[in-house]
file upload-v2.cif (mmCIF, C-alpha atoms)
data_my_file
loop_
_atom_site.group_PDB
_atom_site.id
_atom_site.type_symbol
_atom_site.label_atom_id
_atom_site.label_comp_id
_atom_site.auth_asym_id
_atom_site.auth_seq_id
_atom_site.Cartn_x
_atom_site.Cartn_y
_atom_site.Cartn_z
ATOM 1 C CA MET A 1034 2.484 1.364 23.288
ATOM 2 C CA ASP A 1035 4.276 -1.607 21.742
ATOM 3 C CA PRO A 1036 4.209 -1.590 17.916
ATOM 4 C CA LEU A 1037 4.717 -5.355 17.872
ATOM 5 C CA GLU A 1038 1.504 -5.939 19.829
ATOM 6 C CA TYR A 1039 -0.472 -3.851 17.352
ATOM 7 C CA LEU A 1040 1.299 -5.631 14.503
ATOM 8 C CA ASP A 1041 0.282 -9.044 15.801
ATOM 9 C CA VAL A 1042 -3.404 -8.086 15.707
ATOM 10 C CA ALA A 1043 -3.029 -6.497 12.276
ATOM 11 C CA ARG A 1044 -1.353 -9.620 10.917
ATOM 12 C CA GLN A 1045 -4.157 -11.823 12.231
ATOM 13 C CA ALA A 1046 -6.711 -9.559 10.559
ATOM 14 C CA ALA A 1047 -4.836 -9.538 7.242
ATOM 15 C CA GLN A 1048 -4.410 -13.306 7.146
ATOM 16 C CA LYS A 1049 -8.037 -14.024 8.052
ATOM 17 C CA ALA A 1050 -9.262 -11.532 5.453
ATOM 18 C CA GLY A 1051 -6.831 -12.990 2.940
ATOM 19 C CA ALA A 1052 -8.245 -16.468 3.493
ATOM 20 C CA LEU A 1053 -11.712 -15.065 2.863
ATOM 21 C CA LEU A 1054 -10.526 -13.454 -0.389
ATOM 22 C CA ALA A 1055 -8.913 -16.687 -1.573
ATOM 23 C CA GLU A 1056 -12.138 -18.564 -0.838
ATOM 24 C CA LYS A 1057 -14.186 -16.056 -2.859
ATOM 25 C CA LEU A 1058 -11.819 -15.902 -5.831
ATOM 26 C CA GLY A 1059 -13.793 -16.474 -9.022
ATOM 27 C CA LYS A 1060 -17.125 -16.658 -7.164
ATOM 28 C CA VAL A 1061 -18.275 -13.043 -6.745
ATOM 29 C CA SER A 1062 -20.230 -10.479 -8.719
ATOM 30 C CA VAL A 1063 -18.557 -7.255 -9.854
ATOM 31 C CA ARG A 1064 -19.743 -3.677 -10.191
ATOM 32 C CA GLU A 1065 -18.149 -0.309 -10.971
ATOM 33 C CA LYS A 1066 -17.863 2.394 -8.307
ATOM 34 C CA HIS A 1067 -16.618 4.717 -11.047
ATOM 35 C CA PRO A 1068 -15.576 4.018 -14.660
ATOM 36 C CA ALA A 1069 -12.999 1.184 -14.600
ATOM 37 C CA ASP A 1070 -12.920 1.312 -10.768
ATOM 38 C CA LEU A 1071 -14.140 -2.143 -9.764
ATOM 39 C CA VAL A 1072 -15.512 -3.389 -6.466
ATOM 40 C CA THR A 1073 -16.836 -6.795 -5.430
ATOM 41 C CA GLU A 1074 -18.655 -8.257 -2.457
ATOM 42 C CA ALA A 1075 -15.268 -9.689 -1.480
ATOM 43 C CA ASP A 1076 -13.859 -6.166 -0.945
ATOM 44 C CA GLU A 1077 -16.743 -5.354 1.390
ATOM 45 C CA ALA A 1078 -16.688 -8.664 3.261
ATOM 46 C CA SER A 1079 -12.936 -8.356 3.777
ATOM 47 C CA GLN A 1080 -13.265 -4.837 5.164
ATOM 48 C CA LYS A 1081 -16.034 -5.850 7.564
ATOM 49 C CA MET A 1082 -13.912 -8.724 8.862
ATOM 50 C CA ILE A 1083 -10.821 -6.555 9.322
ATOM 51 C CA GLU A 1084 -12.818 -3.820 11.027
ATOM 52 C CA GLU A 1085 -14.394 -6.259 13.461
ATOM 53 C CA ILE A 1086 -11.032 -7.743 14.455
ATOM 54 C CA LEU A 1087 -9.246 -4.405 14.863
ATOM 55 C CA LEU A 1088 -11.980 -2.451 16.620
ATOM 56 C CA THR A 1089 -12.820 -5.341 18.932
ATOM 57 C CA ALA A 1090 -9.203 -5.291 20.056
ATOM 58 C CA TYR A 1091 -8.971 -1.476 20.120
ATOM 59 C CA PRO A 1092 -12.473 0.046 20.403
ATOM 60 C CA ASP A 1093 -11.131 3.566 21.019
ATOM 61 C CA HIS A 1094 -9.233 3.634 17.708
ATOM 62 C CA ALA A 1095 -10.506 5.313 14.543
ATOM 63 C CA PHE A 1096 -10.888 3.502 11.219
ATOM 64 C CA ILE A 1097 -10.481 4.514 7.574
ATOM 65 C CA GLY A 1098 -11.332 1.948 4.878
ATOM 66 C CA GLU A 1099 -11.540 2.130 1.107
ATOM 67 C CA GLU A 1100 -15.120 0.879 0.975
ATOM 68 C CA ALA A 1101 -17.891 3.164 2.192
ATOM 69 C CA ILE A 1102 -19.142 0.871 4.943
ATOM 70 C CA GLY A 1103 -20.018 2.148 8.411
ATOM 71 C CA ASN A 1104 -19.623 5.543 10.023
ATOM 72 C CA HIS A 1105 -15.858 6.038 9.973
ATOM 73 C CA LEU A 1106 -13.352 8.783 9.302
ATOM 74 C CA SER A 1107 -13.019 10.093 5.771
ATOM 75 C CA GLU A 1108 -9.908 9.609 3.675
ATOM 76 C CA GLN A 1109 -8.852 13.206 4.365
ATOM 77 C CA GLU A 1110 -8.843 12.687 8.158
ATOM 78 C CA CYS A 1111 -5.423 11.115 8.480
ATOM 79 C CA GLY A 1112 -1.824 12.233 8.650
ATOM 80 C CA LYS A 1113 -1.563 15.865 9.667
ATOM 81 C CA ASN A 1114 -5.371 16.109 9.476
ATOM 82 C CA ALA A 1115 -6.033 13.340 12.027
ATOM 83 C CA PRO A 1116 -8.577 14.348 14.726
ATOM 84 C CA ALA A 1117 -6.835 15.386 17.930
ATOM 85 C CA ASP A 1118 -9.277 13.412 20.084
ATOM 86 C CA ARG A 1119 -8.737 10.144 18.147
ATOM 87 C CA PRO A 1120 -5.033 10.022 17.342
ATOM 88 C CA PHE A 1121 -4.814 6.283 16.552
ATOM 89 C CA THR A 1122 -6.292 5.382 13.178
ATOM 90 C CA TRP A 1123 -6.349 2.091 11.301
ATOM 91 C CA ILE A 1124 -5.999 2.670 7.534
ATOM 92 C CA VAL A 1125 -7.221 -0.295 5.509
ATOM 93 C CA ASP A 1126 -7.446 -1.412 1.913
ATOM 94 C CA PRO A 1127 -9.384 -4.675 2.221
ATOM 95 C CA LEU A 1128 -8.446 -5.791 -1.292
ATOM 96 C CA ASP A 1129 -5.628 -3.970 -3.028
ATOM 97 C CA GLY A 1130 -5.602 -5.168 -6.610
ATOM 98 C CA THR A 1131 -9.340 -5.659 -7.157
ATOM 99 C CA THR A 1132 -9.004 -5.777 -10.954
ATOM 100 C CA ASN A 1133 -6.414 -8.545 -10.585
ATOM 101 C CA PHE A 1134 -8.799 -10.352 -8.235
ATOM 102 C CA VAL A 1135 -11.684 -10.048 -10.714
ATOM 103 C CA HIS A 1136 -9.530 -11.520 -13.498
ATOM 104 C CA GLN A 1137 -8.073 -14.163 -11.150
ATOM 105 C CA VAL A 1138 -4.551 -12.802 -11.448
ATOM 106 C CA PRO A 1139 -2.859 -13.982 -8.212
ATOM 107 C CA HIS A 1140 -1.473 -10.587 -7.202
ATOM 108 C CA PHE A 1141 -3.755 -8.943 -4.641
ATOM 109 C CA GLY A 1142 -4.544 -8.848 -0.944
ATOM 110 C CA PRO A 1143 -5.349 -6.738 2.110
ATOM 111 C CA SER A 1144 -3.213 -3.854 3.322
ATOM 112 C CA ILE A 1145 -3.503 -2.700 6.963
ATOM 113 C CA ALA A 1146 -1.656 0.080 8.793
ATOM 114 C CA LEU A 1147 -1.955 1.840 12.125
ATOM 115 C CA ALA A 1148 -1.080 5.529 12.285
ATOM 116 C CA ARG A 1149 -0.815 7.990 15.147
ATOM 117 C CA GLY A 1150 -1.302 11.288 13.355
ATOM 118 C CA SER A 1151 1.430 11.341 10.706
ATOM 119 C CA GLU A 1152 3.456 8.600 12.406
ATOM 120 C CA LEU A 1153 3.032 5.077 11.075
ATOM 121 C CA ILE A 1154 3.138 2.487 13.866
ATOM 122 C CA CYS A 1155 2.778 -0.859 12.079
ATOM 123 C CA GLY A 1156 1.808 -2.249 8.691
ATOM 124 C CA VAL A 1157 0.890 -5.514 6.981
ATOM 125 C CA VAL A 1158 0.559 -6.387 3.290
ATOM 126 C CA TYR A 1159 -0.553 -9.949 2.596
ATOM 127 C CA ASN A 1160 -0.883 -11.973 -0.617
ATOM 128 C CA PRO A 1161 -3.217 -14.878 0.235
ATOM 129 C CA ILE A 1162 -2.327 -16.826 -2.905
ATOM 130 C CA THR A 1163 1.451 -16.911 -2.380
ATOM 131 C CA LYS A 1164 1.053 -16.793 1.436
ATOM 132 C CA GLU A 1165 3.618 -13.984 1.570
ATOM 133 C CA CYS A 1166 3.037 -11.767 4.599
ATOM 134 C CA PHE A 1167 5.043 -8.520 4.633
ATOM 135 C CA THR A 1168 5.118 -6.809 8.039
ATOM 136 C CA ALA A 1169 6.763 -3.779 9.631
ATOM 137 C CA ALA A 1170 6.765 -2.109 13.056
ATOM 138 C CA LYS A 1171 8.011 1.388 13.836
ATOM 139 C CA GLY A 1172 11.633 1.226 14.960
ATOM 140 C CA LYS A 1173 11.664 -2.589 14.914
ATOM 141 C CA GLY A 1174 12.277 -3.513 11.267
ATOM 142 C CA ALA A 1175 10.488 -5.183 8.371
ATOM 143 C CA TRP A 1176 9.920 -8.857 7.628
ATOM 144 C CA LEU A 1177 8.637 -11.297 5.028
ATOM 145 C CA ASN A 1178 7.085 -14.299 6.765
ATOM 146 C CA ASP A 1179 9.105 -13.372 9.887
ATOM 147 C CA ARG A 1180 12.424 -13.174 8.014
ATOM 148 C CA PRO A 1181 14.097 -9.715 8.060
ATOM 149 C CA ILE A 1182 14.086 -7.910 4.725
ATOM 150 C CA ARG A 1183 16.110 -5.004 3.309
ATOM 151 C CA VAL A 1184 15.884 -2.853 0.228
ATOM 152 C CA SER A 1185 18.309 -3.292 -2.664
ATOM 153 C CA GLN A 1186 21.490 -1.235 -3.006
ATOM 154 C CA VAL A 1187 20.766 0.036 -6.536
ATOM 155 C CA GLN A 1188 21.850 3.662 -6.877
ATOM 156 C CA THR A 1189 21.096 4.645 -10.487
ATOM 157 C CA SER A 1190 17.895 4.479 -12.514
ATOM 158 C CA GLU A 1191 19.760 2.763 -15.367
ATOM 159 C CA LYS A 1192 20.173 -0.314 -13.145
ATOM 160 C CA ALA A 1193 16.755 -0.140 -11.522
ATOM 161 C CA LEU A 1194 13.577 -2.173 -11.912
ATOM 162 C CA ILE A 1195 10.831 0.402 -11.385
ATOM 163 C CA SER A 1196 7.187 -0.175 -10.499
ATOM 164 C CA PHE A 1197 4.443 2.336 -11.227
ATOM 165 C CA SER A 1198 0.687 2.749 -11.251
ATOM 166 C CA PHE A 1199 -1.882 4.497 -13.398
ATOM 167 C CA PRO A 1200 -5.219 5.847 -12.143
ATOM 168 C CA THR A 1201 -8.311 3.844 -13.085
ATOM 169 C CA THR A 1202 -8.909 6.154 -16.033
ATOM 170 C CA VAL A 1203 -5.879 7.604 -17.792
ATOM 171 C CA ASN A 1204 -5.112 9.784 -20.811
ATOM 172 C CA ASP A 1205 -1.922 10.955 -22.472
ATOM 173 C CA GLN A 1206 -1.825 14.088 -20.298
ATOM 174 C CA ALA A 1207 -2.111 12.293 -16.943
ATOM 175 C CA PRO A 1208 0.932 12.991 -14.712
ATOM 176 C CA ASP A 1209 1.578 9.252 -14.291
ATOM 177 C CA MET A 1210 1.660 8.775 -18.079
ATOM 178 C CA ILE A 1211 3.918 11.783 -18.636
ATOM 179 C CA THR A 1212 6.354 10.499 -15.996
ATOM 180 C CA PHE A 1213 6.258 7.009 -17.536
ATOM 181 C CA ILE A 1214 7.233 8.373 -20.963
ATOM 182 C CA LYS A 1215 10.021 10.527 -19.498
ATOM 183 C CA LEU A 1216 11.395 7.781 -17.255
ATOM 184 C CA ALA A 1217 11.129 4.649 -19.435
ATOM 185 C CA PRO A 1218 14.272 5.294 -21.564
ATOM 186 C CA HIS A 1219 16.383 5.800 -18.426
ATOM 187 C CA VAL A 1220 15.655 2.638 -16.417
ATOM 188 C CA GLN A 1221 16.481 -1.037 -16.761
ATOM 189 C CA ALA A 1222 12.778 -2.001 -16.844
ATOM 190 C CA MET A 1223 9.340 -0.953 -15.565
ATOM 191 C CA ARG A 1224 6.432 -2.974 -14.169
ATOM 192 C CA ARG A 1225 2.746 -2.188 -13.620
ATOM 193 C CA THR A 1226 1.445 -5.012 -11.427
ATOM 194 C CA GLY A 1227 -1.963 -3.692 -10.379
ATOM 195 C CA SER A 1228 -1.238 -3.501 -6.624
ATOM 196 C CA THR A 1229 0.465 -0.450 -5.144
ATOM 197 C CA ALA A 1230 0.682 -2.112 -1.719
ATOM 198 C CA LEU A 1231 2.498 -5.171 -3.051
ATOM 199 C CA ASN A 1232 4.756 -2.977 -5.202
ATOM 200 C CA LEU A 1233 5.936 -1.197 -2.056
ATOM 201 C CA ALA A 1234 6.367 -4.530 -0.272
ATOM 202 C CA TYR A 1235 8.543 -5.664 -3.185
ATOM 203 C CA ILE A 1236 10.736 -2.569 -2.788
ATOM 204 C CA ALA A 1237 11.107 -3.346 0.906
ATOM 205 C CA SER A 1238 12.182 -6.892 0.096
ATOM 206 C CA GLY A 1239 14.648 -5.891 -2.645
ATOM 207 C CA ARG A 1240 12.662 -7.183 -5.625
ATOM 208 C CA PHE A 1241 11.828 -3.743 -7.033
ATOM 209 C CA ASP A 1242 14.143 -0.773 -6.648
ATOM 210 C CA ALA A 1243 11.766 2.194 -6.802
ATOM 211 C CA GLN A 1244 8.180 3.269 -7.416
ATOM 212 C CA TYR A 1245 6.319 6.470 -8.192
ATOM 213 C CA ASN A 1246 2.623 7.235 -8.014
ATOM 214 C CA HIS A 1247 0.910 10.562 -8.674
ATOM 215 C CA ALA A 1248 -2.676 9.355 -8.113
ATOM 216 C CA THR A 1249 -3.190 7.218 -5.037
ATOM 217 C CA HIS A 1250 -4.994 7.008 -1.683
ATOM 218 C CA ALA A 1251 -3.815 6.673 1.913
ATOM 219 C CA TRP A 1252 -5.158 3.104 2.180
ATOM 220 C CA ASP A 1253 -3.122 2.055 -0.886
ATOM 221 C CA VAL A 1254 0.185 3.140 0.611
ATOM 222 C CA ALA A 1255 0.079 3.399 4.421
ATOM 223 C CA ALA A 1256 1.369 -0.091 5.186
ATOM 224 C CA GLY A 1257 3.788 -0.144 2.251
ATOM 225 C CA VAL A 1258 5.365 3.170 3.187
ATOM 226 C CA LEU A 1259 6.323 1.844 6.609
ATOM 227 C CA LEU A 1260 7.620 -1.367 5.053
ATOM 228 C CA VAL A 1261 9.988 0.596 2.824
ATOM 229 C CA GLN A 1262 11.100 2.896 5.646
ATOM 230 C CA GLU A 1263 11.778 0.055 8.073
ATOM 231 C CA ALA A 1264 13.637 -1.882 5.356
ATOM 232 C CA GLY A 1265 16.024 1.041 4.868
ATOM 233 C CA GLY A 1266 14.456 2.782 1.870
ATOM 234 C CA VAL A 1267 13.533 6.396 1.167
ATOM 235 C CA ILE A 1268 9.975 7.752 0.840
ATOM 236 C CA THR A 1269 8.947 11.329 0.040
ATOM 237 C CA GLY A 1270 6.038 13.032 -1.626
ATOM 238 C CA SER A 1271 6.164 12.871 -5.420
ATOM 239 C CA THR A 1272 7.744 16.355 -5.521
ATOM 240 C CA GLY A 1273 10.429 15.476 -2.977
ATOM 241 C CA LYS A 1274 8.689 17.099 -0.005
ATOM 242 C CA PRO A 1275 8.209 15.023 3.180
ATOM 243 C CA PHE A 1276 5.597 12.294 2.825
ATOM 244 C CA ASP A 1277 2.324 12.643 4.705
ATOM 245 C CA LEU A 1278 -0.721 10.369 4.592
ATOM 246 C CA SER A 1279 -2.987 13.345 3.945
ATOM 247 C CA SER A 1280 -1.204 13.842 0.598
ATOM 248 C CA PRO A 1281 -0.352 10.298 -0.504
ATOM 249 C CA PRO A 1282 1.287 10.699 -3.974
ATOM 250 C CA PHE A 1283 4.859 9.506 -3.426
ATOM 251 C CA LEU A 1284 8.274 8.543 -4.693
ATOM 252 C CA ALA A 1285 9.865 5.505 -3.049
ATOM 253 C CA ALA A 1286 13.412 4.330 -3.679
ATOM 254 C CA ALA A 1287 15.819 1.815 -2.204
ATOM 255 C CA THR A 1288 18.684 4.272 -1.757
ATOM 256 C CA PRO A 1289 19.052 8.058 -1.392
ATOM 257 C CA GLU A 1290 21.115 8.135 -4.580
ATOM 258 C CA LEU A 1291 18.402 6.381 -6.603
ATOM 259 C CA HIS A 1292 15.735 8.625 -5.101
ATOM 260 C CA LYS A 1293 17.669 11.742 -6.150
ATOM 261 C CA ASN A 1294 18.282 10.246 -9.590
ATOM 262 C CA MET A 1295 14.588 9.558 -10.150
ATOM 263 C CA LEU A 1296 13.280 12.809 -8.711
ATOM 264 C CA LYS A 1297 14.501 14.789 -11.726
ATOM 265 C CA TYR A 1298 12.081 12.845 -13.952
ATOM 266 C CA LEU A 1299 9.101 13.618 -11.738
#
call {"tool": "encode", "arguments": {"input": "upload-v2.cif", "output": "structure tokens"}}
result
Amino acid sequence: MDPLEYLDVARQAAQKAGALLAEKLGKVSVREKHPADLVTEADEASQKMIEEILLTAYPDHAFIGEEAIGNHLSEQECGKNAPADRPFTWIVDPLDGTTNFVHQVPHFGPSIALARGSELICGVVYNPITKECFTAAKGKGAWLNDRPIRVSQVQTSEKALISFSFPTTVNDQAPDMITFIKLAPHVQAMRRTGSTALNLAYIASGRFDAQYNHATHAWDVAAGVLLVQEAGGVITGSTGKPFDLSSPPFLAAATPELHKNMLKYL
């Protein structure tokens, strides 16, 4: 098993799907899966393309995608819950940032990761508009367009630029909102960009310093988690327990000191 070989196939899939998304920008119909949870034909076409590329290369691998297309594993069948007879699983968000895509905000793209049980092997997050391709391979490092990247060295929340996400529907008692209110006075600034995958890629590349998310899915974070880890950052569950794909809420930080500093607000 060579993580770089898997990564090469994943990168090809992400870039081809990204080109498809860029071509469809502003040209697709939109519907709601749930209130405020948007999906387009571009999401589905991107997932079909990624699936075909990955499973043609590795037909014995399992597949988990955000869109309910095909007979694949469920979201719960990853991490510590991965089937023993199919240990390798591709975890795919074909279009992270769908609302941005619908409004033609150029901050979206596919996210692809390969996991063996709870171990992440490789990951790709790609923005087809900026042509920024963030990649990571287990034990090999993390890169932006083939240039090595590292997290920042920020150690305190007061000096940190923090990214965060809200669920598609939110109220004033949602955990993400409560954390936002508690944390906002104690950080340099906060950003909600609309793409969890790209937020994590920005931590890996030193643009953001930390991120929290109480309501997320494995396909939102799988690739980004490995990016942060391979770039030298710290990832745990949102309560500080070890991160696992089967329970994807998380806290990511550039340094152990910043992670400890932020954990008290969560």
call {"tool": "atom_distance", "arguments": {"input": "upload-v2.cif", "atom1": "CA of His1105 (chain A)", "atom2": "CA of Ala1170 (chain A)"}}
result
24.2 Å
call {"tool": "closest_residue", "arguments": {"input": "upload-v2.cif", "among": "A:Leu1153, A:Leu1071, A:Ala1286, A:Val1254", "to": "Leu1194 (chain A)", "atoms": "only C-alpha atoms"}}
result
A:Ala1286
call {"tool": "atom_distance", "arguments": {"input": "upload-v2.cif", "atom1": "CA of Cys1155 (chain A)", "atom2": "CA of Lys1049 (chain A)"}}
result
17.5 Å
call {"tool": "residues_around", "arguments": {"input": "upload-v2.cif", "residues": "Leu1284 (chain A)", "least_positions_apart": "3", "cutoff": "7 Å", "atoms": "only C-alpha atoms", "output": "PyMOL selection string"}}
result
chain A and resi 1244-1246+1268-1271
call {"tool": "write_last_selection", "arguments": {"input": "upload-v2.cif", "atoms": "C-alpha atoms", "output": "PDB file, in the coordinates of the input"}}
result
ATOM      1  CA  GLN A1244       8.180   3.269  -7.416  1.00  0.00           C
ATOM      2  CA  TYR A1245       6.319   6.470  -8.192  1.00  0.00           C
ATOM      3  CA  ASN A1246       2.623   7.235  -8.014  1.00  0.00           C
ATOM      4  CA  ILE A1268       9.975   7.752   0.840  1.00  0.00           C
ATOM      5  CA  THR A1269       8.947  11.329   0.040  1.00  0.00           C
ATOM      6  CA  GLY A1270       6.038  13.032  -1.626  1.00  0.00           C
ATOM      7  CA  SER A1271       6.164  12.871  -5.420  1.00  0.00           C
TER       8      SER A1271
END
call {"tool": "closest_atom_pairs", "arguments": {"input": "upload-v2.cif", "of": "region 1208-1249 of chain A", "to": "region 1131-1150 of chain A", "cutoff": "8 Å", "atoms": "only C-alpha atoms", "output": "CSV"}}
result
residue,atom,partner,partner_atom,distance
A:Thr1226,CA,A:His1140,CA,7.6
A:Gly1227,CA,A:Asn1133,CA,6.6
A:Ser1228,CA,A:Phe1141,CA,6.3
A:Ala1230,CA,A:Ser1144,CA,6.6
A:Leu1231,CA,A:Phe1141,CA,7.5
call {"tool": "write_last_selection", "arguments": {"input": "upload-v2.cif", "atoms": "C-alpha atoms", "output": "short mmCIF file (atom, residue, chain, number, x, y, z; two decimals), in the coordinates of the input"}}
result
data_model
loop_
_atom_site.label_atom_id
_atom_site.label_comp_id
_atom_site.auth_asym_id
_atom_site.auth_seq_id
_atom_site.Cartn_x
_atom_site.Cartn_y
_atom_site.Cartn_z
CA THR A 1226 1.44 -5.01 -11.43
CA GLY A 1227 -1.96 -3.69 -10.38
CA SER A 1228 -1.24 -3.50 -6.62
CA ALA A 1230 0.68 -2.11 -1.72
CA LEU A 1231 2.50 -5.17 -3.05
#
call {"tool": "atom_distance", "arguments": {"input": "upload-v2.cif", "atom1": "CA of Leu1053 (chain A)", "atom2": "CA of Leu1087 (chain A)"}}
result
16.2 Å
call {"tool": "closest_residue", "arguments": {"input": "upload-v2.cif", "among": "A:Leu1299, A:Leu1278, A:Ala1095, A:Ala1169", "to": "Ala1043 (chain A)", "atoms": "only C-alpha atoms"}}
result
A:Ala1169
call {"tool": "resolve_selection", "arguments": {"input": "upload-v2.cif", "expression": "the PyMOL selection byres ((chain A and resi 1221) around 6)", "output": "PyMOL selection string"}}
result
chain A and resi 1191-1194+1220+1222
call {"tool": "resolve_selection", "arguments": {"input": "upload-v2.cif", "expression": "the PyMOL selection byres ((chain A and resi 1113) around 7)", "output": "list in words"}}
result
Cys1111, Gly1112, Asn1114, Ala1115, Gly1150, Ser1151 and Ser1279 of chain A
call {"tool": "residues_around", "arguments": {"input": "upload-v2.cif", "residues": "region 1172-1176 of chain A", "least_positions_apart": "3", "cutoff": "12 Å", "atoms": "all atoms listed in the file", "output": "number ranges by chain"}}
result
A: 1035-1038, 1040, 1044, 1152-1159, 1165-1169, 1179-1184, 1234-1239, 1256-1266
call {"tool": "residues_around", "arguments": {"input": "upload-v2.cif", "residues": "His1247 (chain A)", "least_positions_apart": "3", "cutoff": "12 Å", "atoms": "all atoms listed in the file", "output": "JSON, numbers by chain"}}
result
{"A": [1197, 1198, 1199, 1200, 1203, 1207, 1208, 1209, 1210, 1211, 1212, 1213, 1229, 1244, 1250, 1254, 1269, 1270, 1271, 1272, 1280, 1281, 1282, 1283, 1284, 1285, 1299]}
call {"tool": "residues_around", "arguments": {"input": "upload-v2.cif", "residues": "Glu1077 (chain A)", "least_positions_apart": "2", "cutoff": "12 Å", "atoms": "all atoms listed in the file", "output": "ChimeraX atom specification"}}
result
/A:1050,1053-1054,1057,1061-1063,1071-1075,1079-1084,1098-1103,1125-1128,1131,1143
call {"tool": "closest_residue", "arguments": {"input": "upload-v2.cif", "among": "A:Ala1047, A:Leu1291, A:Leu1177, A:Leu1233", "to": "Ser1190 (chain A)", "atoms": "all atoms listed in the file"}}
result
A:Leu1291
call {"tool": "closest_residue", "arguments": {"input": "upload-v2.cif", "among": "A:Asn1160, A:Gln1109, A:Thr1249, A:Gln1186", "to": "Thr1201 (chain A)", "atoms": "all atoms listed in the file"}}
result
A:Thr1249
call {"tool": "closest_residue", "arguments": {"input": "upload-v2.cif", "among": "A:Asn1178, A:Ser1107, A:Asn1232, A:Asn1294", "to": "Ile1124 (chain A)", "atoms": "all atoms listed in the file"}}
result
A:Ser1107
